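Below is start13.txt, which holds compact mmCIF, C-alpha atoms.
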# COMPACT_ATOMS: atom_id res chain seq x y z
CA MET A 1 -3.72 -11.84 7.90
CA LEU A 2 -2.99 -8.16 7.55
CA THR A 3 0.35 -6.99 8.84
CA LEU A 4 1.89 -3.59 9.42
CA GLY A 5 3.88 -4.14 6.21
CA HIS A 6 0.71 -4.13 4.06
CA TYR A 7 -0.32 -0.71 5.31
CA LEU A 8 3.22 0.64 5.01
CA LEU A 9 3.41 -0.63 1.42
CA VAL A 10 0.09 1.03 0.48
CA SER A 11 1.20 4.21 2.23
CA GLY A 12 4.52 4.17 0.36
CA LEU A 13 2.78 3.60 -2.98
CA LEU A 14 0.42 6.51 -2.28
CA PHE A 15 3.44 8.66 -1.42
CA SER A 16 5.20 7.73 -4.66
CA ILE A 17 2.06 8.50 -6.72
CA GLY A 18 1.97 11.93 -5.05
CA LEU A 19 5.68 12.34 -5.77
CA ALA A 20 5.02 11.40 -9.41
CA GLY A 21 2.38 14.14 -9.54
CA VAL A 22 4.87 16.71 -8.23
CA LEU A 23 7.72 15.58 -10.49
CA LEU A 24 5.89 14.90 -13.76
CA ARG A 25 3.00 17.39 -13.90
CA ARG A 26 3.52 21.07 -14.61
CA ASN A 27 0.16 22.52 -13.61
CA LEU A 28 0.54 24.21 -10.19
CA LEU A 29 -2.86 22.95 -8.98
CA ILE A 30 -2.03 19.32 -9.82
CA ILE A 31 1.36 19.69 -8.12
CA PHE A 32 -0.52 20.91 -5.06
CA MET A 33 -2.83 17.87 -5.18
CA GLY A 34 0.29 15.68 -5.32
CA LEU A 35 1.52 17.38 -2.13
CA GLU A 36 -1.80 16.57 -0.45
CA LEU A 37 -1.47 12.90 -1.49
CA MET A 38 2.01 12.75 0.07
CA LEU A 39 0.77 14.28 3.34
CA ASN A 40 -2.05 11.72 3.45
CA ALA A 41 0.39 8.87 2.85
CA ALA A 42 2.37 10.01 5.90
CA ASN A 43 -0.88 10.09 7.89
CA LEU A 44 -1.73 6.53 6.85
CA SER A 45 1.60 5.17 8.02
CA LEU A 46 1.27 7.07 11.32
CA VAL A 47 -2.17 5.58 11.97
CA ALA A 48 -0.87 2.11 11.05
CA PHE A 49 1.96 2.49 13.57
CA ALA A 50 -0.54 3.72 16.17
CA ARG A 51 -2.57 0.53 15.68
CA HIS A 52 0.59 -1.59 15.79
CA GLY A 53 2.07 -0.03 18.96
CA VAL A 54 -0.77 -1.07 21.30
CA THR A 55 -0.27 0.29 24.82
CA THR A 56 -0.38 -1.78 28.03
CA LEU A 57 -4.08 -0.89 28.39
CA GLY A 58 -4.78 -2.66 25.09
CA LEU A 59 -5.61 0.56 23.24
CA PRO A 60 -4.01 2.07 20.13
CA ASP A 61 -1.23 4.60 20.69
CA TYR A 62 -3.25 7.81 20.68
CA ASN A 63 -0.13 10.01 20.63
CA ALA A 64 0.31 9.13 16.94
CA GLN A 65 -3.36 9.88 16.22
CA VAL A 66 -3.01 13.30 17.87
CA LEU A 67 -0.01 13.91 15.61
CA VAL A 68 -2.19 13.00 12.60
CA PHE A 69 -4.80 15.48 13.89
CA PHE A 70 -2.14 18.22 13.94
CA ILE A 71 -0.89 17.27 10.48
CA ILE A 72 -4.43 17.51 9.06
CA THR A 73 -4.87 20.95 10.67
CA VAL A 74 -1.55 22.27 9.34
CA ALA A 75 -2.32 20.81 5.90
CA ALA A 76 -5.66 22.64 5.82
CA ALA A 77 -3.93 25.94 6.66
CA GLU A 78 -1.27 25.18 4.04
CA VAL A 79 -3.88 24.52 1.35
CA ALA A 80 -5.63 27.82 2.10
CA VAL A 81 -2.42 29.87 1.92
CA GLY A 82 -1.05 27.99 -1.09
CA LEU A 83 -4.23 28.40 -3.12
CA ALA A 84 -4.34 32.12 -2.25
CA ILE A 85 -0.78 32.44 -3.58
CA ILE A 86 -1.77 30.57 -6.76
CA VAL A 87 -4.74 32.91 -7.28
CA ALA A 88 -2.51 35.98 -6.77
CA LEU A 89 -0.01 34.53 -9.24
CA TYR A 90 -2.77 33.84 -11.77
CA ARG A 91 -3.99 37.43 -11.54
CA LEU A 92 -0.48 38.68 -12.25
CA ARG A 93 0.45 36.24 -15.05
CA GLN A 94 -2.78 34.59 -16.31
CA THR A 95 -1.18 31.13 -16.08
CA THR A 96 -0.65 28.29 -13.61
CA HIS A 97 1.87 26.45 -15.76
CA VAL A 98 5.23 26.19 -13.99
CA GLU A 99 7.25 26.59 -17.20
CA ASP A 100 5.69 30.01 -17.84
CA LEU A 101 6.73 31.20 -14.38
CA ASP A 102 10.43 31.79 -14.96
CA LYS A 103 10.79 35.37 -13.70
CA MET A 104 13.21 34.32 -10.95
CA LYS A 105 15.26 32.04 -13.20
CA PHE A 106 18.96 32.86 -13.19
CA MET B 1 -13.24 -10.28 5.47
CA LEU B 2 -11.08 -7.41 6.69
CA THR B 3 -8.29 -8.52 4.35
CA ILE B 4 -10.58 -8.42 1.29
CA LEU B 5 -11.90 -5.01 2.37
CA PHE B 6 -8.33 -3.75 2.82
CA TRP B 7 -7.30 -4.79 -0.70
CA VAL B 8 -10.47 -3.39 -2.33
CA ILE B 9 -10.19 -0.06 -0.51
CA SER B 10 -6.46 0.20 -1.21
CA ALA B 11 -7.01 -0.56 -4.90
CA VAL B 12 -9.70 2.15 -5.13
CA MET B 13 -7.48 4.63 -3.31
CA LEU B 14 -4.38 3.98 -5.42
CA ALA B 15 -6.34 3.90 -8.70
CA SER B 16 -7.99 7.24 -8.00
CA ALA B 17 -4.61 8.67 -6.91
CA VAL B 18 -3.19 7.62 -10.29
CA CYS B 19 -6.19 9.31 -11.94
CA VAL B 20 -5.36 12.55 -10.08
CA VAL B 21 -1.94 12.57 -11.71
CA ALA B 22 -3.06 11.27 -15.12
CA PHE B 23 -6.15 13.40 -15.95
CA ARG B 24 -5.56 16.53 -17.99
CA ASN B 25 -8.66 18.41 -16.81
CA PRO B 26 -8.11 19.76 -13.24
CA VAL B 27 -11.80 19.24 -12.35
CA ASN B 28 -11.46 15.49 -13.05
CA SER B 29 -8.29 15.42 -10.96
CA ALA B 30 -10.08 17.12 -8.06
CA MET B 31 -12.96 14.62 -8.22
CA SER B 32 -10.53 11.68 -8.21
CA LEU B 33 -8.82 13.27 -5.23
CA VAL B 34 -12.15 13.24 -3.34
CA VAL B 35 -12.52 9.49 -4.02
CA SER B 36 -8.95 8.92 -2.88
CA PHE B 37 -9.55 10.81 0.38
CA LEU B 38 -12.78 8.92 1.09
CA ALA B 39 -11.02 5.58 0.55
CA LEU B 40 -8.22 6.72 2.85
CA ALA B 41 -10.81 7.53 5.53
CA ALA B 42 -12.12 3.97 5.14
CA LEU B 43 -8.58 2.64 5.61
CA PHE B 44 -8.31 4.68 8.83
CA VAL B 45 -11.52 3.00 10.04
CA THR B 46 -10.06 -0.46 9.30
CA LEU B 47 -7.22 0.56 11.63
CA ASP B 48 -9.72 1.33 14.45
CA ALA B 49 -9.06 5.08 14.13
CA TYR B 50 -12.69 6.23 13.90
CA PHE B 51 -12.12 9.84 14.96
CA ILE B 52 -9.31 10.37 12.47
CA GLY B 53 -11.45 8.81 9.73
CA ILE B 54 -14.31 11.23 10.41
CA ILE B 55 -11.91 14.18 10.58
CA GLN B 56 -10.39 13.08 7.28
CA ILE B 57 -13.81 13.18 5.60
CA LEU B 58 -14.83 16.49 7.21
CA VAL B 59 -11.60 18.39 6.63
CA TYR B 60 -10.24 16.89 3.41
CA ALA B 61 -13.23 15.62 1.44
CA GLY B 62 -15.25 18.56 2.79
CA ALA B 63 -13.30 21.76 3.33
CA VAL B 64 -10.11 21.28 1.34
CA MET B 65 -11.77 19.87 -1.76
CA VAL B 66 -14.43 22.63 -1.81
CA LEU B 67 -11.55 25.12 -1.68
CA PHE B 68 -9.80 23.35 -4.56
CA LEU B 69 -12.97 23.31 -6.70
CA PHE B 70 -13.68 26.98 -5.97
CA ILE B 71 -10.17 27.93 -7.06
CA ILE B 72 -10.46 25.82 -10.23
CA MET B 73 -13.71 27.61 -11.06
CA LEU B 74 -12.19 31.00 -10.19
CA LEU B 75 -9.17 30.44 -12.43
CA ASP B 76 -11.38 29.16 -15.28
CA LEU B 77 -8.82 26.54 -16.26
CA LYS B 78 -9.32 24.68 -19.52
CA ALA B 79 -8.00 21.19 -20.06
CA GLU B 80 -4.28 21.49 -20.37
CA ALA B 81 -3.07 21.75 -23.95
CA ARG B 82 -0.64 19.07 -24.99
CA ARG B 83 2.88 20.38 -24.78
CA SER B 84 5.96 18.62 -26.00
CA LEU B 85 7.25 16.54 -23.10
CA ASN B 86 10.73 17.23 -21.87
CA ILE B 87 12.19 13.72 -22.26
CA ALA B 88 15.17 14.34 -19.94
CA ALA B 89 12.90 15.62 -17.13
CA LEU B 90 10.45 12.74 -17.66
CA THR B 91 13.10 10.00 -17.49
CA GLY B 92 14.74 11.75 -14.53
CA GLY B 93 11.44 11.87 -12.69
CA LEU B 94 10.64 8.22 -13.45
CA ALA B 95 14.15 7.16 -12.36
CA VAL B 96 13.82 8.96 -9.03
CA LEU B 97 10.39 7.37 -8.59
CA GLY B 98 11.56 3.84 -9.44
CA GLY B 99 14.51 4.15 -7.08
CA PHE B 100 12.20 5.32 -4.32
CA VAL B 101 9.77 2.42 -4.76
CA VAL B 102 12.59 -0.19 -4.82
CA LEU B 103 14.14 1.35 -1.69
CA LEU B 104 10.75 1.35 0.03
CA ILE B 105 10.09 -2.34 -0.69
CA GLN B 106 13.58 -3.25 0.57
CA VAL B 107 13.06 -1.32 3.81
CA ILE B 108 9.66 -2.94 4.43
CA LYS B 109 11.15 -6.41 3.73
CA THR B 110 13.94 -5.91 6.28
CA LEU B 111 11.79 -4.26 8.97
CA PRO B 112 10.98 -6.98 11.55
CA ALA B 113 7.88 -5.16 12.85
CA ALA B 114 6.36 -5.13 9.34
CA GLN B 115 5.90 -8.92 9.35
CA GLN B 116 3.98 -9.03 12.64
CA ASN B 117 0.20 -9.16 12.87
CA PHE B 118 -1.57 -6.31 14.59
CA PRO B 119 -1.98 -7.06 18.33
CA ALA B 120 -5.55 -7.49 19.55
CA LEU B 121 -7.27 -4.55 21.21
CA ALA B 122 -8.81 -4.73 24.68
CA ARG B 123 -12.16 -3.52 23.29
CA THR B 124 -13.34 -3.16 19.71
CA GLY B 125 -16.07 -1.24 17.98
CA TYR B 126 -16.16 1.63 20.43
CA SER B 127 -15.97 5.39 19.97
CA ASP B 128 -12.41 6.62 20.44
CA VAL B 129 -13.24 10.35 20.50
CA ALA B 130 -12.92 10.51 24.30
CA ASP B 131 -9.50 8.81 24.25
CA VAL B 132 -8.13 11.07 21.52
CA GLY B 133 -9.55 14.10 23.32
CA MET B 134 -7.96 13.10 26.63
CA THR B 135 -4.56 12.66 24.94
CA LEU B 136 -4.95 15.93 23.03
CA PHE B 137 -5.94 18.09 25.98
CA SER B 138 -3.76 16.53 28.68
CA GLY B 139 -0.56 15.75 26.79
CA TYR B 140 -0.60 18.25 23.94
CA ASN B 141 -2.35 21.34 25.30
CA LEU B 142 0.31 23.88 24.28
CA PRO B 143 0.64 22.56 20.69
CA PHE B 144 -3.16 22.67 20.47
CA GLN B 145 -3.16 26.39 21.38
CA VAL B 146 -0.31 27.05 18.93
CA ILE B 147 -2.28 25.34 16.15
CA GLY B 148 -5.15 27.75 16.88
CA VAL B 149 -2.78 30.70 16.44
CA LEU B 150 -1.44 29.13 13.23
CA LEU B 151 -4.97 28.90 11.79
CA LEU B 152 -5.59 32.56 12.70
CA VAL B 153 -2.34 33.61 11.02
CA ALA B 154 -3.24 31.55 7.92
CA THR B 155 -6.68 33.19 7.75
CA VAL B 156 -5.23 36.71 8.02
CA GLY B 157 -2.53 35.83 5.47
CA VAL B 158 -5.08 34.54 2.96
CA VAL B 159 -7.16 37.74 3.34
CA ILE B 160 -4.06 39.87 2.72
CA LEU B 161 -2.98 37.73 -0.25
CA SER B 162 -6.35 37.92 -1.98
CA ARG B 163 -6.62 41.71 -1.92
CA ARG B 164 -6.92 43.29 -5.34
CA SER B 165 -3.97 45.66 -5.05
CA LEU B 166 -1.23 43.25 -4.04
CA ARG B 167 2.06 45.06 -4.14
Any chance you could put this one into structure tokens?
Amino acid sequence: MLTLGHYLLVSGLLFSIGLAGVLLRRNLLIIFMGLELMLNAANLSLVAFARHGVTTLGLPDYNAQVLVFFIITVAAAEVAVGLAIIVALYRLRQTTHVEDLDKMKF
Amino acid sequence: MLTILFWVISAVMLASAVCVVAFRNPVNSAMSLVVSFLALAALFVTLDAYFIGIIQILVYAGAVMVLFLFIIMLLDLKAEARRSLNIAALTGGLAVLGGFVVLLIQVIKTLPAAQQNFPALARTGYSDVADVGMTLFSGYNLPFQVIGVLLLVATVGVVILSRRSLR
């Protein structure tokens, strides 16, 4: 039988793959995709908890699903702004490699 | 049946997530990301969250990924040239990652709720759009309005950011 632990494990693995993308890759776009993976992992664990915390009516906890709805909306706005910043940066520097962007380095 | 489906979908999702990180060409990464998002939507459906699953496909696999692909085309990125890896940064990253995974497995092992089966639902196989909508509009009306303002601000910000003469 499937338990909450299975979903939490998959969610945690997805989060760590996203974290690996952010830590190990140096292309800004791939780092951004890693961020998206981490956000989705959080969504998966929220939905799993919603299914686990069944209310007295015998329905999933819709408060958590509404929170997921908000997270998806904010993530979409974040992607739009982040990609616009990357495009502006590319116009200025002709690169998306993080090691070439060291203007603010002390 | 559901257990087999869960493992197959999870394997597809995690494998394509690994591909996102491993591929050198950003277009391949973006395509793997689409597969990962679709599999995640399927996982949402196995958790009886039909509305969230549809939203996941519409917003992520639809809007966000189109945006990503447009930007990749706009930037005209070639496959990343091989650079010498910074060994210290690589081992540091892998150490952080390994520590995180070990910690995660320990937490899930000790969490009592993680060993329980999912409780049965009163009704199954129904549309949950009405329930999510009722919760959204009765309990979270103000946050819903604020999210609308946030999207407007993001739209205006993106237009300002993409102007030619950015000072």
Distance criterion (only C-alpha atoms): nearest to chain B out of A:Met38, A:Phe32, A:His52, A:Arg26: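 Once distances to chain B are computed over only C-alpha atoms, the minimum belongs to A:His52.
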Spatial neighbours of Ala11 (chain B), 12 Å, only C-alpha atoms, chain gap at least 2 places, as an MDAnalysis selection string: (chainID A and resid 10:11 13:14) or (chainID B and resid 4:9 13:18 35:36 39:40 43)
Only C-alpha atoms, please: the residues just picked out, written as a short mmCIF file (atom, residue, chain, number, x, y, z; two decimals), in the frame of the given file.
data_model
loop_
_atom_site.label_atom_id
_atom_site.label_comp_id
_atom_site.auth_asym_id
_atom_site.auth_seq_id
_atom_site.Cartn_x
_atom_site.Cartn_y
_atom_site.Cartn_z
CA VAL A 10 0.09 1.03 0.48
CA SER A 11 1.20 4.21 2.23
CA LEU A 13 2.78 3.60 -2.98
CA LEU A 14 0.42 6.51 -2.28
CA ILE B 4 -10.58 -8.42 1.29
CA LEU B 5 -11.90 -5.01 2.37
CA PHE B 6 -8.33 -3.75 2.82
CA TRP B 7 -7.30 -4.79 -0.70
CA VAL B 8 -10.47 -3.39 -2.33
CA ILE B 9 -10.19 -0.06 -0.51
CA MET B 13 -7.48 4.63 -3.31
CA LEU B 14 -4.38 3.98 -5.42
CA ALA B 15 -6.34 3.90 -8.70
CA SER B 16 -7.99 7.24 -8.00
CA ALA B 17 -4.61 8.67 -6.91
CA VAL B 18 -3.19 7.62 -10.29
CA VAL B 35 -12.52 9.49 -4.02
CA SER B 36 -8.95 8.92 -2.88
CA ALA B 39 -11.02 5.58 0.55
CA LEU B 40 -8.22 6.72 2.85
CA LEU B 43 -8.58 2.64 5.61
#
For CA of Ala20 (chain A) and CA of Val21 (chain B), the interatomic separation in Å (one decimal): 7.4 Å
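Considering all atoms listed in the file, the residue among A:Ala41, A:Leu83, A:Val47, A:Leu19 positioned nearest to Thr96 (chain A) is A:Leu83.
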Selection near region 133-137 of chain B, 7 Å with all atoms listed in the file, sequence-local residues under 5 positions removed, as number ranges by chain: A: 62-63, 66
Output C-alpha atoms of each residue in that selection to a file, as an mmCIF file, keeping the file's coordinate frame.
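Final output, saved to part.cif:
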data_model
loop_
_atom_site.group_PDB
_atom_site.id
_atom_site.type_symbol
_atom_site.label_atom_id
_atom_site.label_comp_id
_atom_site.auth_asym_id
_atom_site.auth_seq_id
_atom_site.Cartn_x
_atom_site.Cartn_y
_atom_site.Cartn_z
ATOM 1 C CA TYR A 62 -3.250 7.810 20.680
ATOM 2 C CA ASN A 63 -0.130 10.010 20.630
ATOM 3 C CA VAL A 66 -3.010 13.300 17.870
#
For CA of Ser10 (chain B) and CA of Leu35 (chain A), the interatomic separation in Å (one decimal):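 Interatomic distance here is 19.0 Å.
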For region 158-162 of chain B: contacts at 7 Å, only C-alpha atoms, fewer than 5 positions along chain excluded, given as a list in words: Ala80, Val81, Ala84, Ile85 and Ala88 of chain A
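Of note, CA of Ala41 (chain B) and CA of Asn43 (chain A) are spaced 10.5 Å apart.
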Distance query 12 Å from (-11.9, 29.2, 0.3) using only C-alpha atoms, result as a PyMOL selection string: (chain A and resi 76-84+87) or (chain B and resi 62-74+154-155+158-159+162)
Please produce a file of the residues just selected, as a compact mmCIF listing (two decimals), keeping the file's coordinate frame, where the atoms kept are C-alpha atoms.
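Saved the output as again-v8.txt:
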# COMPACT_ATOMS: atom_id res chain seq x y z
CA ALA A 76 -5.66 22.64 5.82
CA ALA A 77 -3.93 25.94 6.66
CA GLU A 78 -1.27 25.18 4.04
CA VAL A 79 -3.88 24.52 1.35
CA ALA A 80 -5.63 27.82 2.10
CA VAL A 81 -2.42 29.87 1.92
CA GLY A 82 -1.05 27.99 -1.09
CA LEU A 83 -4.23 28.40 -3.12
CA ALA A 84 -4.34 32.12 -2.25
CA VAL A 87 -4.74 32.91 -7.28
CA GLY B 62 -15.25 18.56 2.79
CA ALA B 63 -13.30 21.76 3.33
CA VAL B 64 -10.11 21.28 1.34
CA MET B 65 -11.77 19.87 -1.76
CA VAL B 66 -14.43 22.63 -1.81
CA LEU B 67 -11.55 25.12 -1.68
CA PHE B 68 -9.80 23.35 -4.56
CA LEU B 69 -12.97 23.31 -6.70
CA PHE B 70 -13.68 26.98 -5.97
CA ILE B 71 -10.17 27.93 -7.06
CA ILE B 72 -10.46 25.82 -10.23
CA MET B 73 -13.71 27.61 -11.06
CA LEU B 74 -12.19 31.00 -10.19
CA ALA B 154 -3.24 31.55 7.92
CA THR B 155 -6.68 33.19 7.75
CA VAL B 158 -5.08 34.54 2.96
CA VAL B 159 -7.16 37.74 3.34
CA SER B 162 -6.35 37.92 -1.98
Of the listed residues A:Gly34, A:Leu4, A:Gln94, A:Leu29, that which approaches Ala50 (chain A) most closely, counting only C-alpha atoms: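 Distance minimum relative to Ala50 (chain A) lands on A:Leu4.
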Residue nearest Asn86 (chain B) among A:Met104, A:Leu9, A:Leu24, A:Leu67 (counting all atoms listed in the file):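 Counting all atoms listed in the file, the residue closest to Asn86 (chain B) is A:Leu24.
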